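> Just passing along the structure, written as structure tokens.
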Amino acid sequence: MPVITNIEDLRRIYRRRVPKMFYDYAESGSWTEQTFRENVSDFADIRLRQRIAVDMAGRTTKAKMVGQEYTMPVALAPVGLCGMQSADGEIKAAKAAEKFGVPFTLSTMSICSIEDVAKNTSKPFWFQVYTLKDDDFMKRLFARAKDAKCSALVITVDLQIMGQRHRDLKNGLSAPPKLTLRSMADLATKVPWGLEMMQTHRRFFGNIVGHAKGVTDPTSLGSWTAEAFDPSLDWNRIREFRSWWDGPVILKGILDEEDAKKALDVGADAIVVSNHGGRQLDGALSSIRMLPRIMDAVGDRIEVHLDSGIRSGQDVLKALALGAKGTMIGRAFVYGLGAMGQAGVTKALEIIHKELDTTMALCGERDVANLGRHNLLLPADFDTRWQ
Ligand SMILES: Cc1cc2nc3c(=O)[nH]c(=O)nc-3n(C[C@H](O)[C@H](O)[C@H](O)COP(=O)(O)O)c2cc1C
């Protein structure tokens with residue numbers, strides 16, 4: 001067993017273990033992948049201020065997100081098809097999150113259904129919805145999330161239409177994978193993955209198949225999104241969705257200060273500054289670079305979270321120091337899930353937690369709540385370079 005010390009180690013194991021189609025699905029961005037790359041490189045552009053001889057005893061990373069206290073301000077982001085990265089992947093990730101004391105967010109596009117995840121966990125999780133046309137389906141989805149005692153609803157607002165990822169088209173991405181000569185040649189090198197997958201019945205989109213009308217190809221993410229997603233979404237519709245849920249609502253996919261103000265107007269409890277991990281508008285700025293502007297616009301009036309590009313506890317610290325109250329990790333936990341199932345997600349969380357705690361200490365801080373700009377050294381034009 002290799003010694004795993006960072007998230008990149010998990011990614012390397014993940015790549016060897018999981019079919020290429022699903023590795024590529026996670027490890028890519030839209031079009032030229034500029035935004036996907038800059039999400040990560042912009043974190044690296046921020047440096048930290050080392051402080052010494054500050055009492056480091058009794059540190060805490062505990063923090064509240066939408067009213068609940070967690071081990072650290074890091075949630076597992078909604079990620080579609082986790083059950084293809086590892087058999088029953090959503091249940092495994094939810095269990096790891098629950099044990100670690102961080103929120104798990106179940107995607108609409110999951111393999112395991114809401115009911116499946118609820119049955120196999122004991123703490124409430126967050127549920128993510130896309131903004132679909134079909135009112136009946138949406139209302140039932142909200143009701144199913146309520147019945148499953150989900151503690152917050154994450155409404156993803158940056159995917160009215162889907163950004164193009166070249167490799168998904170070339171690989172013929174589907175769940176379960178369609179058997180072609182190419183996919184079979186690849187599957188032949190991923191035997192442990194295949195054996196695990198043969199032992200579960202959860203291989204289709206669990207929240208959709210059997211629940212949505214007129215899904216002509218239940219295996220294809222592409223055709224479902226093309227048919228079901230609502231290109232005419234507007235703020236009134238978002239306000240309507242908000243009114244259907246009587247708990248906390250988190251709007252995910254805000255990347256502009258004007259949209260952040262509108263999120264406030266429709267009564268969101270929190271926003272996630274996000275560009276969908278670089279999977280939607282290629283050429284958009286990274287989330288971390290947009291965060292300061294959004295904090296200036298709404299930071300004192302709404303809880304601001306951030307995702308896209310977080311691969312370490314240092315990255316989490318940087319987002320918190322720029323004002324975020326919470327963060328989400330997508331790929332960082334998917335690597336762990338694909339590499340080692342539930343234990344891999346736990347490993348990813350342990351790595352990020354340790355990095356966050358140690359970095360905080362070396363910055364001379366004892367509590368994540370006290371992190372601020374004083375801990376950072378930013379390039380002079382970090383948030384003003386692109387106007
Ligand atoms: C493979 C994959 C699938 C995703 N599926 C969803 C989804 O179903 N719903 C959603 O709101 N966001 C989805 N996202 C976006 C994530 O929630 C999150 O915004 C993104 O992964 C953050 O970037 P990071 O991966 O660099 O941490 C997905 C991301 C990835 C990588």
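In the structure tokens, each chain is lettered A, B, ... as it comes, each chain's residues begin at 1, and ligands are numbered from 1 in order of appearance.
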Using DSSP on the backbone coordinates, identify all residues within region 183-288 of chain A classified as helix (DSSP H, G or I); present the result as a ChimeraX atom specification.

/A:183-187,191-198,221-228,235-243,257-265,276-278,287-288

> Please identify the residues whose atoms come within 7 Å of ligand 1, using only C-alpha atoms and all ligand atoms, and report them as a PyMOL selection string.

chain A and resi 25-27+39+77-81+107-110+128+130+156+252+274-277+307-311+328-332

> Could you check which of A:Gly283, A:Gln50, A:Asp234, A:Glu258 is closest to Asp296 (chain A), using only C-alpha atoms?

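With only C-alpha atoms as the atom set, the closest residue is A:Glu258.
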
> A:Glu38, A:Gln342, A:Arg17, A:Thr359: which is nearest Ile91 (chain A), counting only C-alpha atoms?

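Among A:Glu38, A:Gln342, A:Arg17, A:Thr359, it is A:Gln342 that comes nearest to Ile91 (chain A).
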
> Which residues come within 12 Å of Pro192 (chain A), counting only C-alpha atoms, excluding same-chain residues fewer than 4 positions away, as a ChimeraX atom specification?

/A:16-19,85-87,187-188,196-199,338-341

> Leaving out His353 (chain A) and any residue of its chain fewer than 2 positions from it, which residues lie within 10 Å of it when counting only C-alpha atoms, given as a PyMOL selection string?

chain A and resi 61+71-74+100+312-314+316+347-351+355-359

> In Å, how far is it from CA of Ile7 (chain A) to CA of Leu337 (chain A)?

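So the answer is 11.4 Å.
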
> From a DSSP calculation on the backbone, collect every residue of region 3-252 of chain A in strand (DSSP E) and output the set as a count of residues only.

27

> Find the distance between CA of Gly267 (chain A) and CA of Arg239 (chain A) and write it in Å to one decimal.

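It comes out at 7.4 Å.
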